[in-house]
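Inspection log for the structure reproduced underneath, given as structure tokens.
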Amino acid sequence: AWFFHTPGLKIVYPSTPHEAKGLLCAAFEDPNPVLFFEHKLLYRSVSEPVPDDYYTLPLGQARLVATGTDVSIIAALVEWDQASSAGWMIALWAGGSLVGGLLYGGGSHSIHPLVLVLILALLTIPAAFAGTPLLLAIAVVIAGVPCAPALSAITAMLVRIVPEQRRGEVMGWNGSAMTVGAALGAPLCGALIDLFGAWAGFLAAGAIGTVVAGTGLVVLHRFRVRARARLAVPVG
């Protein structure tokens with residue numbers, strides 16, 4: 001965080017091998033000081049063809065990775081010949097997330113991150129049955145409400161349970177996991193949209209989130225039950 005707030009420094013953080021080479025070459029040519037960060041996950045788990053020729057990618061331009069829900073929103077609007085409304089429709093989703101974040105931040109009670117993710121997934125499913133742009137707008141606003149609280153709760157839990165000396169590394173893995181999840185979810189939802197329609201993308205995103213969060217809650221509950229059982233066994 002200190003680097004991002006230092007005037008004159010440029011920060012580069014590639015997410016693919018193609019970006020890594022292009023941005024590194026651009027960093028060499030830039031007359032300003034450039035800090036080049038690479039995540040360890042990039043070395044072994046991500047692969048793609050990289051041109052042998054010398055090339056650069058522009059610094060200071062972020063690449064937006066669309067999530068499964070983003071792809072589904074755009075696909076639904078294309079089906080209704082309303083593709084130009086994609087910007088404000090996604091903005092409504094972000095607005096719902098903002099409202100949810102303010103309400104959650106102003107509350108006095110914390111909710112487990114898995115519960116919030118489960119709520120987020122369940123509230124995404126009704127968007128699959130929205131038959132008009134107006135109904136979809138209402139659905140995405142409602143679905144967006146638990147988004148910011150879920151992200152905030154995940155970060156807060158990691159800060160609470162991870163030792164300070166490991167916190168930076170764990171936060172990095174958390175960010176990478178979210179990026180990988182978004183990168184994998186979009187093609188999956190896109191394939192289902194191509195086969196069945198936009199509704200399948202919303203349904204898949206909600207169903208996968210429900211299964212993942214629900215499974216996590218079940219495992220966590222069983223772990224707690226076993227831990228209590230061990231504590232209840234008399235010693236001696």
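Each chain in the structure tokens gets a letter, A, B and so on, in the order shown; residues start at 1 in every chain, and ligands are counted from 1 in the order they appear.
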Cut-off 6 Å: closest range 106-196 of chain A/range 204-224 of chain A atom pairs per residue, using only C-alpha atoms, as a tab-separated table:
```
residue	atom	partner	partner_atom	distance
A:Leu114	CA	A:Ala213	CA	5.4
A:Leu118	CA	A:Ala213	CA	5.2
A:Ala121	CA	A:Gly206	CA	4.3
A:Leu122	CA	A:Gly206	CA	5.8
A:Thr124	CA	A:Gly206	CA	5.2
A:Ile125	CA	A:Gly206	CA	5.1
```
Excluding Tyr13 in chain A and residues on its chain fewer than 4 positions from it, collect all residues at most 7 Å away from it, counting only C-alpha atoms, and give them as a PyMOL selection string.
-> chain A and resi 36-38
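Shell of Leu57 in chain A at 9 Å, with only C-alpha atoms counted and residues fewer than 6 places along the chain excluded, is A:Glu19, A:Lys21, A:Gly22, A:Leu23, A:Leu24, A:Cys25, A:Ala26.
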Produce a file of the selected residues containing C-alpha atoms, as a short mmCIF file (atom, residue, chain, number, x, y, z; two decimals), in the first residue's frame.
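Below is the file selection30.cif, written as the result:
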```
data_model
loop_
_atom_site.label_atom_id
_atom_site.label_comp_id
_atom_site.auth_asym_id
_atom_site.auth_seq_id
_atom_site.Cartn_x
_atom_site.Cartn_y
_atom_site.Cartn_z
CA GLU A 19 1.03 -9.52 -19.75
CA LYS A 21 6.47 -10.07 -20.85
CA GLY A 22 4.73 -7.09 -22.44
CA LEU A 23 4.59 -5.07 -19.24
CA LEU A 24 8.18 -5.95 -18.28
CA CYS A 25 9.44 -4.69 -21.64
CA ALA A 26 7.36 -1.55 -21.22
#
```
